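Undergrad: Data file run-v2.cif (mmCIF, C-alpha atoms and all ligand atoms) is appended below.
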```cif
data_entry
loop_
_atom_site.group_PDB
_atom_site.id
_atom_site.type_symbol
_atom_site.label_atom_id
_atom_site.label_comp_id
_atom_site.auth_asym_id
_atom_site.auth_seq_id
_atom_site.Cartn_x
_atom_site.Cartn_y
_atom_site.Cartn_z
ATOM 1 C CA MET A 47 101.622 122.364 85.681
ATOM 2 C CA ARG A 48 98.770 120.614 83.798
ATOM 3 C CA ARG A 49 100.640 119.508 80.655
ATOM 4 C CA PHE A 50 98.471 116.421 80.035
ATOM 5 C CA GLU A 51 94.959 117.886 80.133
ATOM 6 C CA GLU A 52 92.778 115.827 77.700
ATOM 7 C CA LYS A 53 95.722 113.505 76.930
ATOM 8 C CA VAL A 54 95.260 109.730 77.207
ATOM 9 C CA VAL A 55 98.261 107.879 78.617
ATOM 10 C CA LEU A 56 98.791 104.111 78.831
ATOM 11 C CA ILE A 57 101.380 103.026 81.429
ATOM 12 C CA THR A 58 102.754 99.513 81.911
ATOM 13 C CA GLY A 59 104.210 98.484 85.266
ATOM 14 C CA ALA A 60 101.894 100.984 86.973
ATOM 15 C CA ALA A 61 101.440 98.946 90.164
ATOM 16 C CA SER A 62 104.816 99.687 91.717
ATOM 17 C CA GLY A 63 107.962 101.808 91.830
ATOM 18 C CA ILE A 64 108.671 104.051 88.827
ATOM 19 C CA GLY A 65 105.454 103.132 86.968
ATOM 20 C CA ARG A 66 103.302 103.979 89.957
ATOM 21 C CA ALA A 67 105.134 107.248 90.641
ATOM 22 C CA THR A 68 104.755 108.183 86.959
ATOM 23 C CA ALA A 69 101.017 107.451 86.989
ATOM 24 C CA LEU A 70 100.587 109.708 90.020
ATOM 25 C CA ARG A 71 102.722 112.473 88.511
ATOM 26 C CA LEU A 72 100.673 112.436 85.300
ATOM 27 C CA ALA A 73 97.410 112.327 87.271
ATOM 28 C CA GLU A 74 98.517 115.553 88.987
ATOM 29 C CA GLU A 75 99.116 116.996 85.522
ATOM 30 C CA GLY A 76 95.609 116.141 84.292
ATOM 31 C CA ALA A 77 96.195 112.982 82.176
ATOM 32 C CA LYS A 78 93.511 110.371 81.611
ATOM 33 C CA LEU A 79 95.262 107.206 82.684
ATOM 34 C CA PHE A 80 95.091 103.604 81.553
ATOM 35 C CA CYS A 81 97.203 101.811 84.158
ATOM 36 C CA THR A 82 98.323 98.251 83.442
ATOM 37 C CA ASP A 83 100.334 95.681 85.375
ATOM 38 C CA LEU A 84 100.477 91.999 86.271
ATOM 39 C CA GLN A 85 99.476 92.812 89.867
ATOM 40 C CA ALA A 86 95.693 93.364 89.881
ATOM 41 C CA GLU A 87 95.216 94.669 93.426
ATOM 42 C CA ALA A 88 98.235 96.936 93.420
ATOM 43 C CA VAL A 89 97.342 98.534 90.070
ATOM 44 C CA GLU A 90 93.812 99.188 91.402
ATOM 45 C CA GLN A 91 95.480 100.961 94.317
ATOM 46 C CA THR A 92 97.454 103.192 91.919
ATOM 47 C CA VAL A 93 94.212 104.066 90.120
ATOM 48 C CA LYS A 94 92.427 104.922 93.383
ATOM 49 C CA GLU A 95 95.245 107.257 94.332
ATOM 50 C CA ALA A 96 95.372 108.809 90.839
ATOM 51 C CA GLU A 97 91.635 109.538 91.038
ATOM 52 C CA THR A 98 92.179 111.646 94.147
ATOM 53 C CA HIS A 99 93.787 114.180 91.756
ATOM 54 C CA GLY A 100 90.414 114.488 89.992
ATOM 55 C CA THR A 101 91.434 112.583 86.875
ATOM 56 C CA GLU A 102 89.852 109.575 85.153
ATOM 57 C CA ALA A 103 91.855 106.359 85.512
ATOM 58 C CA THR A 104 91.323 102.684 84.697
ATOM 59 C CA ALA A 105 93.171 99.608 85.952
ATOM 60 C CA HIS A 106 93.831 96.710 83.592
ATOM 61 C CA VAL A 107 95.736 93.463 84.165
ATOM 62 C CA CYS A 108 98.204 92.733 81.370
ATOM 63 C CA ASP A 109 101.313 90.612 80.939
ATOM 64 C CA VAL A 110 103.297 92.682 78.428
ATOM 65 C CA SER A 111 105.216 89.628 77.229
ATOM 66 C CA ASP A 112 102.002 88.038 75.898
ATOM 67 C CA PRO A 113 101.198 89.337 72.380
ATOM 68 C CA GLY A 114 97.435 88.854 72.813
ATOM 69 C CA GLN A 115 97.372 90.646 76.164
ATOM 70 C CA ALA A 116 99.489 93.543 74.863
ATOM 71 C CA LYS A 117 97.055 94.042 71.948
ATOM 72 C CA SER A 118 93.968 93.761 74.179
ATOM 73 C CA ALA A 119 95.378 96.291 76.657
ATOM 74 C CA VAL A 120 95.849 98.904 73.917
ATOM 75 C CA GLN A 121 92.396 98.146 72.458
ATOM 76 C CA ALA A 122 90.761 98.357 75.902
ATOM 77 C CA CYS A 123 92.425 101.751 76.455
ATOM 78 C CA VAL A 124 91.155 103.091 73.125
ATOM 79 C CA ASP A 125 87.667 101.626 73.779
ATOM 80 C CA ARG A 126 87.631 103.352 77.171
ATOM 81 C CA PHE A 127 88.997 106.785 76.235
ATOM 82 C CA GLY A 128 88.580 106.949 72.428
ATOM 83 C CA ARG A 129 92.235 107.678 71.681
ATOM 84 C CA LEU A 130 95.831 107.169 72.812
ATOM 85 C CA ASP A 131 98.372 109.998 73.043
ATOM 86 C CA VAL A 132 101.237 108.581 75.091
ATOM 87 C CA LEU A 133 102.603 105.075 75.714
ATOM 88 C CA LEU A 134 104.902 104.680 78.727
ATOM 89 C CA ASN A 135 106.630 101.288 78.871
ATOM 90 C CA VAL A 136 107.837 100.930 82.444
ATOM 91 C CA ALA A 137 107.169 97.235 83.264
ATOM 92 C CA GLY A 138 110.377 95.315 83.791
ATOM 93 C CA ILE A 139 112.159 92.637 85.804
ATOM 94 C CA LEU A 140 115.692 92.149 87.090
ATOM 95 C CA LYS A 141 117.542 89.104 88.365
ATOM 96 C CA MET A 142 121.228 89.193 89.144
ATOM 97 C CA GLU A 143 123.162 86.027 88.343
ATOM 98 C CA PRO A 144 126.872 85.529 87.670
ATOM 99 C CA THR A 145 127.175 84.786 83.957
ATOM 100 C CA GLU A 146 128.885 81.395 84.482
ATOM 101 C CA VAL A 147 125.781 80.019 86.204
ATOM 102 C CA ALA A 148 123.023 82.124 84.624
ATOM 103 C CA SER A 149 120.165 79.951 83.429
ATOM 104 C CA LEU A 150 118.632 80.059 79.970
ATOM 105 C CA GLU A 151 115.258 80.266 81.683
ATOM 106 C CA THR A 152 116.215 83.546 83.389
ATOM 107 C CA TRP A 153 117.696 84.888 80.145
ATOM 108 C CA ASN A 154 114.496 84.110 78.204
ATOM 109 C CA LYS A 155 112.221 85.486 80.917
ATOM 110 C CA ILE A 156 114.078 88.806 81.242
ATOM 111 C CA LEU A 157 114.284 89.287 77.467
ATOM 112 C CA SER A 158 110.602 88.405 77.036
ATOM 113 C CA VAL A 159 109.356 90.979 79.567
ATOM 114 C CA ASN A 160 111.844 93.847 79.189
ATOM 115 C CA LEU A 161 112.548 93.730 75.458
ATOM 116 C CA THR A 162 109.802 91.734 73.730
ATOM 117 C CA GLY A 163 107.148 93.209 76.064
ATOM 118 C CA THR A 164 108.241 96.752 75.185
ATOM 119 C CA PHE A 165 108.212 95.878 71.477
ATOM 120 C CA LEU A 166 104.749 94.283 71.644
ATOM 121 C CA MET A 167 103.238 97.267 73.435
ATOM 122 C CA CYS A 168 104.817 99.705 70.959
ATOM 123 C CA GLN A 169 103.652 97.694 67.963
ATOM 124 C CA ALA A 170 100.090 97.465 69.275
ATOM 125 C CA ALA A 171 99.985 101.180 70.127
ATOM 126 C CA LEU A 172 101.566 102.500 66.912
ATOM 127 C CA PRO A 173 98.417 102.975 64.771
ATOM 128 C CA HIS A 174 96.765 104.988 67.569
ATOM 129 C CA LEU A 175 99.892 107.016 68.344
ATOM 130 C CA LEU A 176 100.353 107.853 64.654
ATOM 131 C CA GLU A 177 96.759 109.031 64.547
ATOM 132 C CA SER A 178 97.240 111.322 67.555
ATOM 133 C CA SER A 179 100.839 112.403 66.683
ATOM 134 C CA GLY A 180 101.663 110.977 70.065
ATOM 135 C CA ASN A 181 104.808 109.691 71.686
ATOM 136 C CA ILE A 182 106.461 106.781 73.447
ATOM 137 C CA VAL A 183 108.760 106.819 76.467
ATOM 138 C CA ASN A 184 110.540 103.518 77.073
ATOM 139 C CA THR A 185 112.389 102.559 80.229
ATOM 140 C CA SER A 186 115.953 101.575 79.510
ATOM 141 C CA SER A 187 118.693 101.627 82.180
ATOM 142 C CA THR A 188 122.246 102.639 82.954
ATOM 143 C CA ALA A 189 122.863 98.926 82.276
ATOM 144 C CA ALA A 190 122.340 99.749 78.583
ATOM 145 C CA LEU A 191 125.152 102.299 78.686
ATOM 146 C CA ALA A 192 127.883 100.676 80.806
ATOM 147 C CA GLY A 193 128.732 97.214 82.066
ATOM 148 C CA ALA A 194 126.447 96.005 84.856
ATOM 149 C CA PRO A 195 127.949 93.073 86.774
ATOM 150 C CA TRP A 196 125.900 89.871 87.118
ATOM 151 C CA SER A 197 123.219 91.253 84.815
ATOM 152 C CA ALA A 198 124.013 90.036 81.284
ATOM 153 C CA ALA A 199 120.376 89.331 80.386
ATOM 154 C CA TYR A 200 119.089 92.539 81.952
ATOM 155 C CA ALA A 201 121.790 94.659 80.268
ATOM 156 C CA ALA A 202 121.132 92.979 76.914
ATOM 157 C CA SER A 203 117.399 93.606 77.267
ATOM 158 C CA LYS A 204 117.890 97.286 78.082
ATOM 159 C CA GLY A 205 120.473 97.750 75.327
ATOM 160 C CA GLY A 206 117.778 96.398 73.016
ATOM 161 C CA VAL A 207 115.204 98.831 74.405
ATOM 162 C CA SER A 208 117.541 101.782 73.751
ATOM 163 C CA ALA A 209 118.305 100.616 70.194
ATOM 164 C CA MET A 210 114.641 99.979 69.455
ATOM 165 C CA THR A 211 113.689 103.438 70.759
ATOM 166 C CA ARG A 212 116.129 105.154 68.388
ATOM 167 C CA THR A 213 114.821 102.987 65.553
ATOM 168 C CA PHE A 214 111.227 104.110 66.196
ATOM 169 C CA ALA A 215 112.347 107.755 66.266
ATOM 170 C CA ILE A 216 113.873 107.391 62.799
ATOM 171 C CA GLU A 217 111.170 105.172 61.346
ATOM 172 C CA PHE A 218 108.222 107.329 62.491
ATOM 173 C CA GLY A 219 109.722 110.792 63.131
ATOM 174 C CA LYS A 220 108.544 112.155 59.777
ATOM 175 C CA LYS A 221 105.044 110.941 60.590
ATOM 176 C CA GLY A 222 104.932 113.065 63.752
ATOM 177 C CA LEU A 223 105.631 110.383 66.345
ATOM 178 C CA ARG A 224 108.389 110.769 68.967
ATOM 179 C CA ALA A 225 110.114 107.939 70.866
ATOM 180 C CA ASN A 226 112.516 108.537 73.754
ATOM 181 C CA ALA A 227 113.879 106.577 76.685
ATOM 182 C CA VAL A 228 114.933 107.096 80.271
ATOM 183 C CA CYS A 229 117.979 105.366 81.734
ATOM 184 C CA PRO A 230 117.529 105.200 85.503
ATOM 185 C CA GLY A 231 120.283 103.963 87.791
ATOM 186 C CA SER A 232 120.063 102.973 91.412
ATOM 187 C CA ILE A 233 116.556 104.233 92.129
ATOM 188 C CA LYS A 234 114.969 103.151 95.413
ATOM 189 C CA THR A 235 112.031 100.925 94.400
ATOM 190 C CA PRO A 236 110.710 97.465 95.330
ATOM 191 C CA MET A 237 112.824 96.082 92.431
ATOM 192 C CA THR A 238 116.109 97.301 93.886
ATOM 193 C CA SER A 239 115.227 96.430 97.471
ATOM 194 C CA ARG A 240 114.264 92.877 96.357
ATOM 195 C CA SER A 241 117.457 92.348 94.342
ATOM 196 C CA VAL A 242 119.812 89.774 95.773
ATOM 197 C CA LEU A 243 123.519 90.047 95.024
ATOM 198 C CA PRO A 244 125.232 86.784 94.056
ATOM 199 C CA GLU A 245 126.919 84.853 96.839
ATOM 200 C CA GLY A 246 130.599 85.756 97.240
ATOM 201 C CA PHE A 247 130.325 88.717 94.853
ATOM 202 C CA ASP A 248 133.320 90.973 94.216
ATOM 203 C CA SER A 249 132.434 94.072 96.262
ATOM 204 C CA SER A 250 134.765 96.299 94.219
ATOM 205 C CA LEU A 251 132.332 95.891 91.290
ATOM 206 C CA LEU A 252 129.463 97.174 93.416
ATOM 207 C CA GLN A 253 130.740 100.759 93.005
ATOM 208 C CA ARG A 254 129.502 100.612 89.418
ATOM 209 C CA LEU A 255 125.946 100.274 90.677
ATOM 210 C CA LEU A 256 125.943 103.119 93.207
ATOM 211 C CA PRO A 257 125.062 106.813 92.759
ATOM 212 C CA LEU A 258 127.661 109.453 93.650
ATOM 213 C CA ASP A 259 125.730 111.030 96.531
ATOM 214 C CA LYS A 260 122.660 108.976 97.487
ATOM 215 C CA ALA A 261 119.988 106.759 95.971
ATOM 216 C CA ARG A 262 116.777 108.636 95.209
ATOM 217 C CA GLY A 263 113.147 107.634 94.818
ATOM 218 C CA PRO A 264 111.035 106.817 91.733
ATOM 219 C CA GLU A 265 109.566 110.345 91.527
ATOM 220 C CA THR A 266 112.921 111.536 90.127
ATOM 221 C CA VAL A 267 112.369 109.264 87.120
ATOM 222 C CA ALA A 268 108.636 110.082 86.933
ATOM 223 C CA SER A 269 109.375 113.795 86.472
ATOM 224 C CA THR A 270 111.787 113.043 83.594
ATOM 225 C CA ILE A 271 109.290 110.704 81.918
ATOM 226 C CA ALA A 272 106.617 113.408 82.269
ATOM 227 C CA PHE A 273 108.947 115.950 80.633
ATOM 228 C CA LEU A 274 109.792 113.660 77.691
ATOM 229 C CA ALA A 275 106.129 112.768 77.147
ATOM 230 C CA SER A 276 105.018 116.422 77.227
ATOM 231 C CA GLU A 277 105.030 119.147 74.584
ATOM 232 C CA ASP A 278 107.999 120.691 76.453
ATOM 233 C CA ALA A 279 110.051 117.967 74.736
ATOM 234 C CA CYS A 280 108.446 118.380 71.283
ATOM 235 C CA HIS A 281 111.843 118.636 69.527
ATOM 236 C CA ILE A 282 113.408 115.728 71.431
ATOM 237 C CA ASN A 283 113.195 112.474 69.505
ATOM 238 C CA GLY A 284 115.368 109.344 69.735
ATOM 239 C CA GLU A 285 117.045 110.633 72.910
ATOM 240 C CA GLU A 286 117.765 108.845 76.197
ATOM 241 C CA ILE A 287 118.187 110.627 79.514
ATOM 242 C CA ARG A 288 120.224 109.225 82.372
ATOM 243 C CA ILE A 289 118.766 109.643 85.870
ATOM 244 C CA ASP A 290 121.499 108.161 88.044
ATOM 245 C CA GLY A 291 122.986 110.799 90.354
ATOM 246 C CA ALA A 292 126.197 110.919 88.269
ATOM 247 C CA MET A 293 126.757 107.164 88.585
ATOM 248 C CA LEU A 294 128.104 107.001 85.022
ATOM 249 C CA SER A 295 129.504 110.535 84.749
HETATM 250 N N1 LIG A 301 114.911 100.861 90.160
HETATM 251 C C1 LIG A 301 115.992 101.082 89.437
HETATM 252 O O1 LIG A 301 117.065 101.448 89.968
HETATM 253 C C2 LIG A 301 115.946 100.935 87.943
HETATM 254 C C3 LIG A 301 117.113 101.206 87.211
HETATM 255 C C4 LIG A 301 117.100 101.089 85.825
HETATM 256 C C5 LIG A 301 115.941 100.704 85.181
HETATM 257 N N2 LIG A 301 114.826 100.421 85.894
HETATM 258 C C6 LIG A 301 113.638 100.008 85.154
HETATM 259 O O2 LIG A 301 112.515 100.745 85.578
HETATM 260 C C7 LIG A 301 111.335 99.977 85.373
HETATM 261 C C8 LIG A 301 110.512 99.975 86.648
HETATM 262 O O3 LIG A 301 111.274 99.342 87.659
HETATM 263 P P1 LIG A 301 111.018 99.574 89.215
HETATM 264 O O4 LIG A 301 112.340 99.756 89.822
HETATM 265 O O5 LIG A 301 109.945 100.576 89.403
HETATM 266 O O6 LIG A 301 110.541 98.099 89.620
HETATM 267 P P2 LIG A 301 109.231 97.545 90.344
HETATM 268 O O7 LIG A 301 109.473 96.099 90.541
HETATM 269 O O8 LIG A 301 108.889 98.385 91.511
HETATM 270 O O9 LIG A 301 108.095 97.748 89.220
HETATM 271 C C9 LIG A 301 108.047 96.960 88.065
HETATM 272 C C10 LIG A 301 106.577 96.685 87.737
HETATM 273 O O10 LIG A 301 106.539 95.928 86.516
HETATM 274 C C11 LIG A 301 105.527 94.941 86.672
HETATM 275 N N3 LIG A 301 105.776 93.814 85.771
HETATM 276 C C12 LIG A 301 106.750 92.872 85.868
HETATM 277 N N4 LIG A 301 106.621 91.972 84.888
HETATM 278 C C13 LIG A 301 105.530 92.351 84.154
HETATM 279 C C14 LIG A 301 104.890 91.820 83.014
HETATM 280 N N5 LIG A 301 105.312 90.687 82.431
HETATM 281 N N6 LIG A 301 103.813 92.465 82.516
HETATM 282 C C15 LIG A 301 103.365 93.594 83.113
HETATM 283 N N7 LIG A 301 103.912 94.144 84.204
HETATM 284 C C16 LIG A 301 104.986 93.521 84.722
HETATM 285 C C17 LIG A 301 105.611 94.526 88.133
HETATM 286 O O11 LIG A 301 104.425 93.869 88.558
HETATM 287 C C18 LIG A 301 105.861 95.861 88.812
HETATM 288 O O12 LIG A 301 104.649 96.476 89.178
HETATM 289 C C19 LIG A 301 111.820 98.595 84.914
HETATM 290 O O13 LIG A 301 111.745 98.522 83.513
HETATM 291 C C20 LIG A 301 113.254 98.557 85.374
HETATM 292 O O14 LIG A 301 114.045 97.683 84.607
HETATM 293 C C21 LIG A 301 114.804 100.521 87.257
#
```
Spit out the file's structure as structure tokens when you get a sec.
Ligand SMILES: NC(=O)c1ccc[n+]([C@@H]2O[C@H](COP(=O)([O-])OP(=O)(O)OC[C@H]3O[C@@H](n4cnc5c(N)ncnc54)[C@H](O)[C@@H]3O)[C@@H](O)[C@H]2O)c1
TA:
Amino acid sequence: MRRFEEKVVLITGAASGIGRATALRLAEEGAKLFCTDLQAEAVEQTVKEAETHGTEATAHVCDVSDPGQAKSAVQACVDRFGRLDVLLNVAGILKMEPTEVASLETWNKILSVNLTGTFLMCQAALPHLLESSGNIVNTSSTAALAGAPWSAAYAASKGGVSAMTRTFAIEFGKKGLRANAVCPGSIKTPMTSRSVLPEGFDSSLLQRLLPLDKARGPETVASTIAFLASEDACHINGEEIRIDGAMLS
């Protein structure tokens, strides 16, 4: 399948996990890629690997929570490739803290990257996406759909991402722009392997965070993002798709 031939795609969080797997999936499908992340060396690595599929790809360092950097990343993408067809907001952070002791610093940091960062990238990309009748795929989470223990800030940020995605679908649908989201749950990535459960946690609550059969890798989310961003999903707008191995079924 080469669904992204001649399409220009900007991906945030492309250095690791789901973002990296998505970049590689879209490279296989012929996309021209503008890969951004905080991690300079690792995003270069993604680009090198993407290029082995014969596509053009550029690495760019960007903190999505910084309005100036979000704008410059979109401008640099358009300067490089002349257009923008798809924006994939994948960058995100997670820290688990029991609510009684959660710090305001953690709350602000998580909201600024996951929610404000997604908003800033969408806002900067909108004029270009409207011009190309393009689309956005945001990365929400199962935490937006059901209670996620020790993750109040993360769940609030992802609930915001889901709400914002539906808002964009309504606000810009008539103008030819689509906005959808994926809601992964329990995907094996550096984020989940790094996550530390709070000391003395109630293990009965852990069931809420586990898939029914087994945890799967980031390529299972990448294939869903690729579908939503492609013409195969041309009549899907304002939707969110759960990729969680029946965790919330
Ligand atoms: N892994 C899961 O089970 C799971 C479940 C639900 C949602 N998600 C979401 O999927 C997305 C990707 O997560 P992942 O599991 O691949 O994690 P990951 O840690 O492997 O990748 C996240 C990437 O985002 C980048 N990033 C972090 N802060 C940034 C910032 N301020 N600006 C730019 N880039 C930044 C990191 O450098 C990293 O490369 C996140 O939005 C996460 O919340 C993951």
Undergrad: Write out as an MDAnalysis selection string which residues come within 12 Å of Lys204 of chain A when counting all atoms listed in the file, dropping same-chain ones fewer than 2 positions away.
TA: chainID A and resid 135:140 156:165 184:194 197:202 206:211 227:230 286
Undergrad: What separation in Å, quoted to one decimal, exists between atom CA of Asn154 of chain A and atom CA of Thr92 of chain A?
TA: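 These atoms are spaced 29.0 Å apart.
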Undergrad: Find, counting all atoms listed in the file, the residue in A:Pro113, A:Gly291, A:Gly222, A:Pro195 that gets nearest to Asp131 of chain A.
TA: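 Closest residue, counting all atoms listed in the file: A:Gly222.
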Undergrad: So how far away is atom CA of Ala268 of chain A from atom CA of Arg240 of chain A, in Å?
TA: 20.4 Å
Undergrad: When you look at Asp259 of chain A with a cut-off of 12 Å (counting all atoms listed in the file), what residues show up, excluding the ones that are within fewer than 5 positions of it in the same chain? I need them as a PDB file with C-alpha atoms, in the frame of the given file.
TA:
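Contents of the output file result.pdb:
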```pdb
ATOM      1  CA  SER A 232     120.063 102.973  91.412  1.00  0.00           C
ATOM      2  CA  GLN A 253     130.740 100.759  93.005  1.00  0.00           C
ATOM      3  CA  ASP A 290     121.499 108.161  88.044  1.00  0.00           C
ATOM      4  CA  GLY A 291     122.986 110.799  90.354  1.00  0.00           C
ATOM      5  CA  ALA A 292     126.197 110.919  88.269  1.00  0.00           C
ATOM      6  CA  MET A 293     126.757 107.164  88.585  1.00  0.00           C
TER       7      MET A 293
END
```
Undergrad: Rounded to one decimal in Å, what is the spacing between atom O1 of ligand LIG 301 (chain A) and atom CA of Ser295 of chain A?
TA: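 Between atom O1 of ligand LIG 301 (chain A) and atom CA of Ser295 of chain A the gap works out to 16.3 Å.
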Undergrad: Of the residues A:Arg48, A:Lys141, A:His174, A:Lys221, which is the one nearest to ligand LIG 301 (chain A), using all atoms listed in the file?
TA: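 Closest to ligand LIG 301 (chain A), using all atoms listed in the file: A:Lys141.
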Undergrad: Let me know the centre plus edge lengths, in Å and rounded to one decimal, of a box with edges along x, y and z that contains all listed atoms of segment 171-185 of chain A and is padded by 8 Å on every side, as AutoDock Vina command-line options.
TA:
```
--center_x 104.6 --center_y 106.8 --center_z 72.4 --size_x 31.6 --size_y 27.2 --size_z 31.7
```
Undergrad: With only C-alpha atoms and all ligand atoms as the basis for distance, which of A:Ala88, A:Val147, A:Leu56, A:Ala77 is at the shortest distance from ligand LIG 301 (chain A)?
TA: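 For ligand LIG 301 (chain A), the nearest of the given residues is A:Ala88.
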Undergrad: Which residue, A:Ala86, A:Leu72, A:Leu175, A:Cys108, has the smallest gap to ligand LIG 301 (chain A) when you use all atoms listed in the file?
TA: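 Smallest separation from ligand LIG 301 (chain A) among the options: A:Cys108.
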Undergrad: Compute the distance from (110.5, 108.8, 93.8) to each atom, counting all atoms listed in the file, keep the residues with any atom at most 10 Å away, and return them as a PyMOL selection string; use the coordinates of the file.
TA: chain A and resi 63-64+66-68+233-235+261-269
Undergrad: Restricted to C-alpha atoms, what would the selected residues look like written as a PDB file, in the coordinates of the input?
TA:
```pdb
ATOM      1  CA  GLY A  63     107.962 101.808  91.830  1.00  0.00           C
ATOM      2  CA  ILE A  64     108.671 104.051  88.827  1.00  0.00           C
ATOM      3  CA  ARG A  66     103.302 103.979  89.957  1.00  0.00           C
ATOM      4  CA  ALA A  67     105.134 107.248  90.641  1.00  0.00           C
ATOM      5  CA  THR A  68     104.755 108.183  86.959  1.00  0.00           C
ATOM      6  CA  ILE A 233     116.556 104.233  92.129  1.00  0.00           C
ATOM      7  CA  LYS A 234     114.969 103.151  95.413  1.00  0.00           C
ATOM      8  CA  THR A 235     112.031 100.925  94.400  1.00  0.00           C
ATOM      9  CA  ALA A 261     119.988 106.759  95.971  1.00  0.00           C
ATOM     10  CA  ARG A 262     116.777 108.636  95.209  1.00  0.00           C
ATOM     11  CA  GLY A 263     113.147 107.634  94.818  1.00  0.00           C
ATOM     12  CA  PRO A 264     111.035 106.817  91.733  1.00  0.00           C
ATOM     13  CA  GLU A 265     109.566 110.345  91.527  1.00  0.00           C
ATOM     14  CA  THR A 266     112.921 111.536  90.127  1.00  0.00           C
ATOM     15  CA  VAL A 267     112.369 109.264  87.120  1.00  0.00           C
ATOM     16  CA  ALA A 268     108.636 110.082  86.933  1.00  0.00           C
ATOM     17  CA  SER A 269     109.375 113.795  86.472  1.00  0.00           C
TER      18      SER A 269
END
```
Undergrad: Restricting the calculation to only C-alpha atoms, which member of A:Ser179, A:Trp196, A:Val54, A:Arg288 is positioned closest to Gly246 of chain A?
TA: A:Trp196
Undergrad: So, with only C-alpha atoms as the atoms that count, which of A:Ala96, A:Ile271, A:Leu172, A:Leu255 lies closest to Thr238 of chain A?
TA: A:Leu255
Undergrad: For this structure, which residues satisfy the selection - the PyMOL selection byres (((chain A and resi 50) around 12) and not hetatm) - when it is evaluated on the file as given? I want them as a ChimeraX atom specification.
TA: /A:47-49,51-55,69,71-79,101,131-132,180,272-278
Undergrad: I need the output of the PyMOL selection byres (((chain A and resi 171) around 8) and not hetatm) for this file as a list in words; which residues are they?
TA: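 Output from the PyMOL selection byres (((chain A and resi 171) around 8) and not hetatm), applied to this file: Lys117, Val120, Leu130, Leu133, Met167, Cys168, Gln169, Ala170, Leu172, Pro173, His174 and Leu175 of chain A.
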